[in-house]
Structures are given as structure tokens and as C-alpha cells.
>>> print(open('final07.txt').read())   # compact mmCIF, N, CA and C atoms
# COMPACT_ATOMS: atom_id res chain seq x y z
N GLN A 194 88.80 82.92 101.22
CA GLN A 194 88.36 83.90 100.23
C GLN A 194 88.90 85.28 100.63
N VAL A 195 89.74 85.84 99.76
CA VAL A 195 90.30 87.16 100.03
C VAL A 195 89.26 88.22 99.69
N GLN A 196 89.10 89.17 100.59
CA GLN A 196 88.20 90.29 100.34
C GLN A 196 88.97 91.59 100.53
N LEU A 197 88.84 92.47 99.56
CA LEU A 197 89.48 93.79 99.60
C LEU A 197 88.39 94.85 99.52
N VAL A 198 88.43 95.78 100.46
CA VAL A 198 87.41 96.84 100.50
C VAL A 198 88.11 98.19 100.54
N GLU A 199 87.95 98.93 99.45
CA GLU A 199 88.57 100.25 99.34
C GLU A 199 87.56 101.33 99.72
N SER A 200 88.08 102.42 100.30
CA SER A 200 87.22 103.54 100.69
C SER A 200 88.02 104.83 100.70
N GLY A 201 87.30 105.95 100.79
CA GLY A 201 87.96 107.23 100.94
C GLY A 201 87.97 108.12 99.72
N GLY A 202 87.50 107.62 98.60
CA GLY A 202 87.49 108.44 97.39
C GLY A 202 86.46 109.56 97.47
N GLY A 203 86.44 110.39 96.44
CA GLY A 203 85.48 111.48 96.40
C GLY A 203 85.82 112.46 95.31
N LEU A 204 85.14 113.59 95.35
CA LEU A 204 85.35 114.68 94.39
C LEU A 204 86.15 115.77 95.09
N VAL A 205 87.22 116.19 94.45
CA VAL A 205 88.09 117.20 95.05
C VAL A 205 88.61 118.12 93.96
N GLN A 206 88.88 119.35 94.32
CA GLN A 206 89.46 120.28 93.36
C GLN A 206 90.95 120.02 93.20
N ALA A 207 91.48 120.41 92.06
CA ALA A 207 92.92 120.29 91.82
C ALA A 207 93.68 120.99 92.95
N GLY A 208 94.73 120.33 93.40
CA GLY A 208 95.50 120.85 94.53
C GLY A 208 95.07 120.31 95.87
N GLY A 209 93.94 119.66 95.90
CA GLY A 209 93.40 119.12 97.14
C GLY A 209 94.02 117.78 97.52
N SER A 210 93.49 117.20 98.60
CA SER A 210 94.02 115.94 99.13
C SER A 210 92.90 114.96 99.42
N LEU A 211 93.25 113.70 99.36
CA LEU A 211 92.36 112.61 99.78
C LEU A 211 93.22 111.53 100.41
N ARG A 212 92.60 110.78 101.31
CA ARG A 212 93.27 109.63 101.91
C ARG A 212 92.42 108.39 101.66
N LEU A 213 93.00 107.44 100.93
CA LEU A 213 92.32 106.19 100.63
C LEU A 213 92.74 105.11 101.61
N SER A 214 91.80 104.22 101.90
CA SER A 214 92.09 103.09 102.77
C SER A 214 91.62 101.80 102.11
N CYS A 215 92.32 100.73 102.42
CA CYS A 215 91.95 99.40 101.92
C CYS A 215 92.04 98.42 103.07
N ALA A 216 90.96 97.72 103.31
CA ALA A 216 90.93 96.70 104.35
C ALA A 216 90.93 95.33 103.69
N ALA A 217 91.83 94.47 104.11
CA ALA A 217 91.95 93.13 103.55
C ALA A 217 91.54 92.09 104.58
N SER A 218 90.88 91.07 104.13
CA SER A 218 90.52 89.95 105.01
C SER A 218 90.69 88.65 104.25
N GLY A 219 90.83 87.56 105.00
CA GLY A 219 90.97 86.25 104.38
C GLY A 219 92.36 85.97 103.86
N VAL A 220 93.35 86.73 104.31
CA VAL A 220 94.71 86.58 103.81
C VAL A 220 95.68 86.90 104.94
N ILE A 221 96.87 86.26 104.87
CA ILE A 221 97.93 86.62 105.81
C ILE A 221 98.54 87.90 105.27
N PHE A 222 97.99 89.01 105.67
CA PHE A 222 98.27 90.30 105.06
C PHE A 222 99.73 90.69 105.19
N SER A 223 100.31 90.45 106.35
CA SER A 223 101.62 91.02 106.67
C SER A 223 102.74 90.53 105.77
N ILE A 224 102.58 89.38 105.14
CA ILE A 224 103.69 88.84 104.34
C ILE A 224 103.62 89.28 102.89
N ASN A 225 102.56 89.97 102.52
CA ASN A 225 102.36 90.33 101.12
C ASN A 225 102.79 91.74 100.79
N LEU A 226 103.48 91.88 99.64
CA LEU A 226 103.65 93.21 99.08
C LEU A 226 102.28 93.68 98.64
N MET A 227 101.97 94.95 98.92
CA MET A 227 100.67 95.49 98.58
C MET A 227 100.83 96.68 97.66
N GLY A 228 99.85 96.87 96.81
CA GLY A 228 99.90 97.98 95.87
C GLY A 228 98.58 98.70 95.77
N TRP A 229 98.66 99.96 95.38
CA TRP A 229 97.50 100.73 94.98
C TRP A 229 97.57 100.89 93.46
N TYR A 230 96.46 100.65 92.82
CA TYR A 230 96.35 100.72 91.38
C TYR A 230 95.23 101.71 91.04
N ARG A 231 95.29 102.24 89.83
CA ARG A 231 94.18 103.07 89.39
C ARG A 231 93.86 102.78 87.94
N GLN A 232 92.60 103.00 87.62
CA GLN A 232 92.16 102.86 86.24
C GLN A 232 91.44 104.13 85.85
N ALA A 233 92.07 104.87 84.96
CA ALA A 233 91.48 106.10 84.45
C ALA A 233 90.50 105.75 83.33
N PRO A 234 89.54 106.62 83.07
CA PRO A 234 88.57 106.34 82.01
C PRO A 234 89.25 106.04 80.68
N GLY A 235 88.91 104.91 80.08
CA GLY A 235 89.45 104.55 78.79
C GLY A 235 90.88 104.04 78.80
N LYS A 236 91.44 103.83 79.99
CA LYS A 236 92.83 103.38 80.08
C LYS A 236 92.93 102.08 80.86
N GLN A 237 94.07 101.43 80.73
CA GLN A 237 94.31 100.21 81.48
C GLN A 237 94.64 100.53 82.93
N ARG A 238 94.37 99.57 83.77
CA ARG A 238 94.72 99.72 85.19
C ARG A 238 96.24 99.77 85.31
N GLU A 239 96.73 100.67 86.18
CA GLU A 239 98.17 100.82 86.35
C GLU A 239 98.50 100.87 87.85
N LEU A 240 99.70 100.45 88.16
CA LEU A 240 100.19 100.52 89.53
C LEU A 240 100.65 101.94 89.81
N VAL A 241 100.22 102.52 90.94
CA VAL A 241 100.69 103.85 91.29
C VAL A 241 101.66 103.82 92.46
N ALA A 242 101.54 102.83 93.34
CA ALA A 242 102.44 102.74 94.49
C ALA A 242 102.40 101.34 95.04
N ARG A 243 103.52 100.90 95.60
CA ARG A 243 103.54 99.61 96.25
C ARG A 243 104.39 99.70 97.51
N ILE A 244 104.14 98.77 98.43
CA ILE A 244 104.85 98.77 99.71
C ILE A 244 105.15 97.34 100.10
N SER A 245 106.36 97.11 100.55
CA SER A 245 106.77 95.77 100.96
C SER A 245 106.24 95.48 102.37
N SER A 246 106.42 94.24 102.78
CA SER A 246 105.96 93.84 104.11
C SER A 246 106.67 94.62 105.21
N LEU A 247 107.88 95.09 104.91
CA LEU A 247 108.65 95.84 105.91
C LEU A 247 108.56 97.36 105.71
N GLY A 248 107.81 97.79 104.72
CA GLY A 248 107.57 99.22 104.57
C GLY A 248 108.36 99.94 103.49
N SER A 249 109.13 99.23 102.69
CA SER A 249 109.82 99.87 101.58
C SER A 249 108.80 100.23 100.51
N THR A 250 108.95 101.42 99.94
CA THR A 250 107.94 101.91 99.00
C THR A 250 108.51 102.23 97.63
N THR A 251 107.66 102.12 96.63
CA THR A 251 107.99 102.48 95.26
C THR A 251 106.79 103.19 94.66
N TYR A 252 107.05 104.23 93.85
CA TYR A 252 105.97 105.03 93.27
C TYR A 252 106.14 105.17 91.77
N ALA A 253 105.02 105.28 91.10
CA ALA A 253 105.05 105.64 89.69
C ALA A 253 105.57 107.07 89.59
N ASP A 254 106.27 107.36 88.50
CA ASP A 254 106.83 108.71 88.33
C ASP A 254 105.76 109.79 88.40
N SER A 255 104.58 109.46 87.92
CA SER A 255 103.51 110.46 87.84
C SER A 255 103.00 110.90 89.21
N VAL A 256 103.26 110.12 90.26
CA VAL A 256 102.74 110.46 91.59
C VAL A 256 103.85 110.69 92.60
N LYS A 257 105.08 110.49 92.20
CA LYS A 257 106.21 110.61 93.12
C LYS A 257 106.23 112.02 93.73
N GLY A 258 106.40 112.07 95.03
CA GLY A 258 106.44 113.35 95.73
C GLY A 258 105.08 113.88 96.14
N ARG A 259 104.01 113.26 95.63
CA ARG A 259 102.65 113.72 95.95
C ARG A 259 101.86 112.67 96.73
N PHE A 260 102.10 111.39 96.45
CA PHE A 260 101.37 110.30 97.10
C PHE A 260 102.29 109.59 98.09
N THR A 261 101.69 109.10 99.16
CA THR A 261 102.42 108.31 100.15
C THR A 261 101.61 107.07 100.51
N ILE A 262 102.22 105.91 100.31
CA ILE A 262 101.58 104.65 100.66
C ILE A 262 102.08 104.21 102.04
N SER A 263 101.18 103.64 102.83
CA SER A 263 101.56 103.14 104.15
C SER A 263 100.72 101.91 104.46
N ARG A 264 101.11 101.17 105.46
CA ARG A 264 100.36 99.97 105.83
C ARG A 264 100.36 99.80 107.34
N ASP A 265 99.33 99.14 107.83
CA ASP A 265 99.24 98.77 109.23
C ASP A 265 98.96 97.27 109.26
N ASN A 266 99.99 96.49 109.48
CA ASN A 266 99.84 95.04 109.44
C ASN A 266 98.95 94.51 110.57
N ALA A 267 98.89 95.23 111.67
CA ALA A 267 98.04 94.80 112.78
C ALA A 267 96.56 94.93 112.43
N LYS A 268 96.26 95.90 111.56
CA LYS A 268 94.86 96.14 111.18
C LYS A 268 94.54 95.61 109.79
N ASN A 269 95.52 95.02 109.13
CA ASN A 269 95.32 94.52 107.76
C ASN A 269 94.83 95.62 106.82
N THR A 270 95.46 96.78 106.92
CA THR A 270 95.06 97.89 106.06
C THR A 270 96.27 98.48 105.33
N VAL A 271 95.99 99.02 104.17
CA VAL A 271 96.99 99.76 103.41
C VAL A 271 96.33 101.07 102.99
N ASN A 272 97.06 102.16 103.12
CA ASN A 272 96.50 103.48 102.87
C ASN A 272 97.28 104.21 101.77
N LEU A 273 96.63 105.19 101.19
CA LEU A 273 97.27 106.02 100.17
C LEU A 273 96.89 107.47 100.45
N GLN A 274 97.86 108.25 100.90
CA GLN A 274 97.66 109.68 101.10
C GLN A 274 98.00 110.38 99.80
N MET A 275 97.03 111.11 99.26
CA MET A 275 97.21 111.76 97.97
C MET A 275 97.11 113.26 98.16
N ASN A 276 98.20 113.95 97.89
CA ASN A 276 98.25 115.41 98.00
C ASN A 276 98.49 116.03 96.64
N SER A 277 98.24 117.32 96.55
CA SER A 277 98.45 118.07 95.31
C SER A 277 97.82 117.35 94.12
N LEU A 278 96.60 116.96 94.29
CA LEU A 278 95.92 116.17 93.26
C LEU A 278 95.75 116.96 91.97
N LYS A 279 95.82 116.22 90.86
CA LYS A 279 95.69 116.80 89.53
C LYS A 279 94.51 116.13 88.82
N PRO A 280 93.95 116.79 87.83
CA PRO A 280 92.84 116.16 87.08
C PRO A 280 93.23 114.80 86.50
N GLU A 281 94.47 114.63 86.13
CA GLU A 281 94.89 113.35 85.57
C GLU A 281 94.98 112.24 86.60
N ASP A 282 94.79 112.55 87.87
CA ASP A 282 94.71 111.52 88.91
C ASP A 282 93.31 110.90 88.98
N THR A 283 92.38 111.43 88.24
CA THR A 283 91.02 110.92 88.24
C THR A 283 90.98 109.47 87.79
N GLY A 284 90.21 108.67 88.51
CA GLY A 284 90.05 107.27 88.14
C GLY A 284 89.50 106.47 89.31
N VAL A 285 89.36 105.18 89.10
CA VAL A 285 88.96 104.28 90.17
C VAL A 285 90.22 103.66 90.75
N TYR A 286 90.34 103.73 92.06
CA TYR A 286 91.53 103.25 92.76
C TYR A 286 91.23 101.93 93.46
N TYR A 287 92.15 101.00 93.30
CA TYR A 287 92.03 99.65 93.85
C TYR A 287 93.30 99.29 94.62
N CYS A 288 93.15 98.41 95.58
CA CYS A 288 94.34 97.81 96.20
C CYS A 288 94.38 96.33 95.83
N ASN A 289 95.55 95.77 95.89
CA ASN A 289 95.74 94.35 95.63
C ASN A 289 97.17 94.02 96.02
N ALA A 290 97.49 92.77 96.01
CA ALA A 290 98.88 92.39 96.19
C ALA A 290 99.67 92.87 94.98
N TRP A 291 101.02 92.92 95.15
CA TRP A 291 101.89 93.18 94.00
C TRP A 291 102.89 92.05 93.92
N PRO A 292 102.99 91.36 92.78
CA PRO A 292 102.06 91.43 91.66
C PRO A 292 100.65 90.98 92.07
N THR A 293 99.68 91.34 91.30
CA THR A 293 98.30 91.00 91.65
C THR A 293 98.10 89.49 91.64
N LYS A 294 97.35 89.03 92.64
CA LYS A 294 97.07 87.60 92.71
C LYS A 294 95.71 87.31 93.31
N TRP A 295 94.95 88.37 93.61
CA TRP A 295 93.61 88.19 94.16
C TRP A 295 92.59 88.85 93.25
N GLY A 296 91.33 88.53 93.47
CA GLY A 296 90.27 89.23 92.77
C GLY A 296 90.23 90.69 93.20
N TRP A 297 89.67 91.53 92.35
CA TRP A 297 89.60 92.94 92.63
C TRP A 297 88.40 93.29 93.50
N GLY A 298 88.57 94.27 94.36
CA GLY A 298 87.46 94.82 95.11
C GLY A 298 86.64 95.75 94.22
N GLN A 299 85.75 96.50 94.84
CA GLN A 299 84.89 97.39 94.05
C GLN A 299 85.59 98.70 93.69
N GLY A 300 86.70 98.96 94.35
CA GLY A 300 87.43 100.20 94.08
C GLY A 300 86.75 101.41 94.72
N THR A 301 87.45 102.53 94.65
CA THR A 301 86.89 103.79 95.15
C THR A 301 87.18 104.88 94.12
N GLN A 302 86.16 105.63 93.77
CA GLN A 302 86.27 106.61 92.71
C GLN A 302 86.91 107.90 93.23
N VAL A 303 87.90 108.36 92.50
CA VAL A 303 88.53 109.66 92.78
C VAL A 303 88.32 110.54 91.55
N THR A 304 87.73 111.70 91.78
CA THR A 304 87.51 112.66 90.71
C THR A 304 88.13 113.98 91.11
N VAL A 305 89.06 114.46 90.27
CA VAL A 305 89.74 115.73 90.53
C VAL A 305 89.31 116.73 89.48
N SER A 306 88.69 117.80 89.92
CA SER A 306 88.21 118.82 88.98
C SER A 306 89.26 119.92 88.83
N SER A 307 89.28 120.50 87.64
CA SER A 307 90.28 121.54 87.37
C SER A 307 89.75 122.92 87.74
>>> encode(input="final07.txt", output="C-alpha cells")
Amino acid sequence: QVQLVESGGGLVQAGGSLRLSCAASGVIFSINLMGWYRQAPGKQRELVARISSLGSTTYADSVKGRFTISRDNAKNTVNLQMNSLKPEDTGVYYCNAWPTKWGWGQGTQVTVSS
């Protein structure tokens, strides 16, 4: 049974930073491409960043240059450093494989005030 636990969200002013973490268990983490996704109010969940098993990264245009995804295969964790946050970054953030193939965790709420 794969379990994903996201943490690190919160309320921050525009221009601020947050660092999200995701801990995975029940899976051979190191071989999987991992992604961070977000779901804004009233919108579909979207991929914001993904990272390969060897560390190659891809970002959505909306976060490029502001967000950095990283992983620690020894700890089965994937992180998302978010800088220069904007109100439109508000939403619930989730991690999962890319493409998604596991159930979703509870997510972590990020709220950016203007």
C-alpha cells in the first residue's frame, strides 16, 4: 500500500517562500518519476513540477524560475521549494508519481495573500 504524506504548506504573503515535503512509503521510490501537483479552488488538478529518478526536472511555465523540485532517494522524499509566491499559486499541493498511478495523499494547503 503506497502512502504519500505532504507537509509544509501555510499562509504566506505574496513574494514569500514555502518549502513543501512529501514522504512516500510502500513503494520503490527511487525508480519512479515524481511530481508535485496543485489544485486551485474551482480548477482541475495540474502538474507544476516533475523530477526523474536521476534528477532531471521539468516545470510548468507558470512556476518556471520560481519553484525548484528536488528528491532524496535515500529518504524517500520529494520537495518543492517555492519562492516569489503569487496569489495564483494558492491551492492544495499533492505529490504523486508522474504519470499518476497511486492514490492521493491529503495534500497540503498553500494560501498566498496579496
>>> residues_around(input="final07.txt", residues="Ile262 (chain A)", least_positions_apart="4", cutoff="8 Å", atoms="all atoms listed in the file", output="list in words")
Trp229, Ala242, Arg243, Ile244, Gly248, Ser249, Thr250, Thr251, Val271, Asn272, Leu273, Gln274 and Met275 of chain A
>>> select_by_dssp(input="final07.txt", residues="region 195-244 of chain A", states="strand (DSSP E)", output="list in words")
Gln196, Leu197, Val198, Glu199, Ser200, Gly203, Leu204, Val205, Gln206, Leu211, Arg212, Leu213, Ser214, Cys215, Ala216, Ala217, Ser218, Met227, Gly228, Trp229, Tyr230, Arg231, Gln232, Glu239, Leu240, Val241, Ala242, Arg243 and Ile244 of chain A
>>> atom_distance(input="final07.txt", atom1="atom N of Arg212 (chain A)", atom2="CA of Lys236 (chain A)")
22.5 Å
>>> atom_distance(input="final07.txt", atom1="atom N of Gln232 (chain A)", atom2="CA of Val195 (chain A)")
20.3 Å
>>> residues_around(input="final07.txt", residues="Glu199 (chain A)", least_positions_apart="2", cutoff="7 Å", atoms="only N, CA and C atoms", output="JSON, numbers by chain")
{"A": [197, 201, 202, 213, 214, 215, 216, 286, 287, 288, 298, 299, 300, 301]}
>>> closest_residue(input="final07.txt", among="A:Ala290, A:Leu247, A:Val305, A:Leu278", to="Leu226 (chain A)", atoms="all atoms listed in the file")
A:Ala290
>>> atom_distance(input="final07.txt", atom1="atom N of Asn269 (chain A)", atom2="CA of Ala217 (chain A)")
6.9 Å
>>> residues_around(input="final07.txt", residues="Gln194 (chain A)", least_positions_apart="2", cutoff="6.5 Å", atoms="all atoms listed in the file", output="list in words")
Gln196, Ser218, Gly219 and Val220 of chain A
>>> closest_residue(input="final07.txt", among="A:Leu240, A:Gly235, A:Gly209, A:Trp291", to="Asp254 (chain A)", atoms="only C-alpha atoms")
A:Leu240
>>> residues_around(input="final07.txt", residues="Val241 (chain A)", least_positions_apart="5", cutoff="6.5 Å", atoms="only N, CA and C atoms", output="list of chain:residue names")
A:Gly228, A:Trp229, A:Tyr230, A:Arg231, A:Thr251, A:Tyr252, A:Ala253
>>> write_last_selection(input="final07.txt", atoms="N, CA and C atoms", output="short mmCIF file (atom, residue, chain, number, x, y, z; two decimals), in the frame of the given file")
data_model
loop_
_atom_site.label_atom_id
_atom_site.label_comp_id
_atom_site.auth_asym_id
_atom_site.auth_seq_id
_atom_site.Cartn_x
_atom_site.Cartn_y
_atom_site.Cartn_z
N GLY A 228 99.85 96.87 96.81
CA GLY A 228 99.90 97.98 95.87
C GLY A 228 98.58 98.70 95.77
N TRP A 229 98.66 99.96 95.38
CA TRP A 229 97.50 100.73 94.98
C TRP A 229 97.57 100.89 93.46
N TYR A 230 96.46 100.65 92.82
CA TYR A 230 96.35 100.72 91.38
C TYR A 230 95.23 101.71 91.04
N ARG A 231 95.29 102.24 89.83
CA ARG A 231 94.18 103.07 89.39
C ARG A 231 93.86 102.78 87.94
N THR A 251 107.66 102.12 96.63
CA THR A 251 107.99 102.48 95.26
C THR A 251 106.79 103.19 94.66
N TYR A 252 107.05 104.23 93.85
CA TYR A 252 105.97 105.03 93.27
C TYR A 252 106.14 105.17 91.77
N ALA A 253 105.02 105.28 91.10
CA ALA A 253 105.05 105.64 89.69
C ALA A 253 105.57 107.07 89.59
#
>>> closest_residue(input="final07.txt", among="A:Thr261, A:Ser200, A:Ser307, A:Asn225", to="Trp295 (chain A)", atoms="only C-alpha atoms")
A:Asn225
>>> decode(input="final07.txt", residues="region 219-297 of chain A", atoms="C-alpha atoms", output="mmCIF file, in the first residue's frame")
data_model
loop_
_atom_site.group_PDB
_atom_site.id
_atom_site.type_symbol
_atom_site.label_atom_id
_atom_site.label_comp_id
_atom_site.auth_asym_id
_atom_site.auth_seq_id
_atom_site.Cartn_x
_atom_site.Cartn_y
_atom_site.Cartn_z
ATOM 1 C CA GLY A 219 5.266 1.293 0.437
ATOM 2 C CA VAL A 220 6.947 1.885 -2.912
ATOM 3 C CA ILE A 221 10.354 1.522 -4.529
ATOM 4 C CA PHE A 222 10.664 5.278 -4.572
ATOM 5 C CA SER A 223 13.962 5.674 -6.381
ATOM 6 C CA ILE A 224 12.804 4.238 -9.706
ATOM 7 C CA ASN A 225 9.754 6.467 -10.054
ATOM 8 C CA LEU A 226 9.387 9.822 -11.706
ATOM 9 C CA MET A 227 7.778 12.050 -9.109
ATOM 10 C CA GLY A 228 5.652 15.120 -9.476
ATOM 11 C CA TRP A 229 4.135 17.927 -7.474
ATOM 12 C CA TYR A 230 0.581 18.801 -8.429
ATOM 13 C CA ARG A 231 -1.767 21.514 -7.271
ATOM 14 C CA GLN A 232 -5.477 22.053 -7.301
ATOM 15 C CA ALA A 233 -6.665 25.621 -7.126
ATOM 16 C CA PRO A 234 -10.207 26.385 -5.959
ATOM 17 C CA GLY A 235 -12.673 25.514 -8.705
ATOM 18 C CA LYS A 236 -9.983 24.171 -11.025
ATOM 19 C CA GLN A 237 -8.650 20.804 -12.061
ATOM 20 C CA ARG A 238 -5.522 19.387 -10.523
ATOM 21 C CA GLU A 239 -2.447 20.266 -12.583
ATOM 22 C CA LEU A 240 1.188 19.221 -12.636
ATOM 23 C CA VAL A 241 3.534 22.006 -11.549
ATOM 24 C CA ALA A 242 6.875 20.166 -11.500
ATOM 25 C CA ARG A 243 8.296 16.723 -12.014
ATOM 26 C CA ILE A 244 11.651 15.068 -11.420
ATOM 27 C CA SER A 245 13.146 11.913 -12.869
ATOM 28 C CA SER A 246 14.858 9.209 -10.861
ATOM 29 C CA LEU A 247 18.198 10.771 -11.799
ATOM 30 C CA GLY A 248 17.179 14.343 -11.033
ATOM 31 C CA SER A 249 16.137 15.814 -14.374
ATOM 32 C CA THR A 250 13.411 18.392 -13.820
ATOM 33 C CA THR A 251 10.527 19.907 -15.749
ATOM 34 C CA TYR A 252 8.301 22.810 -14.688
ATOM 35 C CA ALA A 253 5.018 24.298 -15.704
ATOM 36 C CA ASP A 254 5.508 27.668 -17.383
ATOM 37 C CA SER A 255 3.614 29.374 -14.580
ATOM 38 C CA VAL A 256 6.215 28.375 -11.958
ATOM 39 C CA LYS A 257 9.406 28.250 -14.001
ATOM 40 C CA GLY A 258 12.184 30.228 -12.347
ATOM 41 C CA ARG A 259 10.328 30.392 -9.017
ATOM 42 C CA PHE A 260 9.877 26.750 -7.932
ATOM 43 C CA THR A 261 12.532 24.078 -7.529
ATOM 44 C CA ILE A 262 11.762 20.386 -7.184
ATOM 45 C CA SER A 263 14.273 18.027 -5.592
ATOM 46 C CA ARG A 264 14.340 14.490 -4.241
ATOM 47 C CA ASP A 265 16.233 12.406 -1.721
ATOM 48 C CA ASN A 266 16.009 8.774 -2.750
ATOM 49 C CA ALA A 267 17.655 7.621 0.475
ATOM 50 C CA LYS A 268 14.862 9.209 2.497
ATOM 51 C CA ASN A 269 12.030 8.549 0.030
ATOM 52 C CA THR A 270 11.179 12.236 -0.071
ATOM 53 C CA VAL A 271 10.477 14.795 -2.757
ATOM 54 C CA ASN A 272 10.499 18.509 -2.005
ATOM 55 C CA LEU A 273 9.247 21.683 -3.633
ATOM 56 C CA GLN A 274 10.931 24.986 -2.834
ATOM 57 C CA MET A 275 8.558 27.789 -3.766
ATOM 58 C CA ASN A 276 9.876 31.337 -3.980
ATOM 59 C CA SER A 277 8.332 34.615 -5.123
ATOM 60 C CA LEU A 278 4.900 33.223 -4.423
ATOM 61 C CA LYS A 279 1.879 34.780 -6.103
ATOM 62 C CA PRO A 280 -1.806 34.700 -5.139
ATOM 63 C CA GLU A 281 -2.443 32.447 -8.129
ATOM 64 C CA ASP A 282 -0.203 29.815 -6.518
ATOM 65 C CA THR A 283 -2.914 29.276 -3.913
ATOM 66 C CA GLY A 284 -4.245 25.742 -3.785
ATOM 67 C CA VAL A 285 -3.796 22.297 -2.312
ATOM 68 C CA TYR A 286 -0.482 20.723 -3.262
ATOM 69 C CA TYR A 287 -0.026 16.986 -3.711
ATOM 70 C CA CYS A 288 2.791 14.682 -4.706
ATOM 71 C CA ASN A 289 2.428 11.540 -6.769
ATOM 72 C CA ALA A 290 4.241 9.606 -9.417
ATOM 73 C CA TRP A 291 4.296 11.038 -12.939
ATOM 74 C CA PRO A 292 2.154 9.968 -14.621
ATOM 75 C CA THR A 293 -0.022 9.422 -11.572
ATOM 76 C CA LYS A 294 -0.519 5.821 -10.577
ATOM 77 C CA TRP A 295 -1.144 5.890 -6.835
ATOM 78 C CA GLY A 296 -3.924 7.143 -4.615
ATOM 79 C CA TRP A 297 -3.676 10.739 -3.494
#
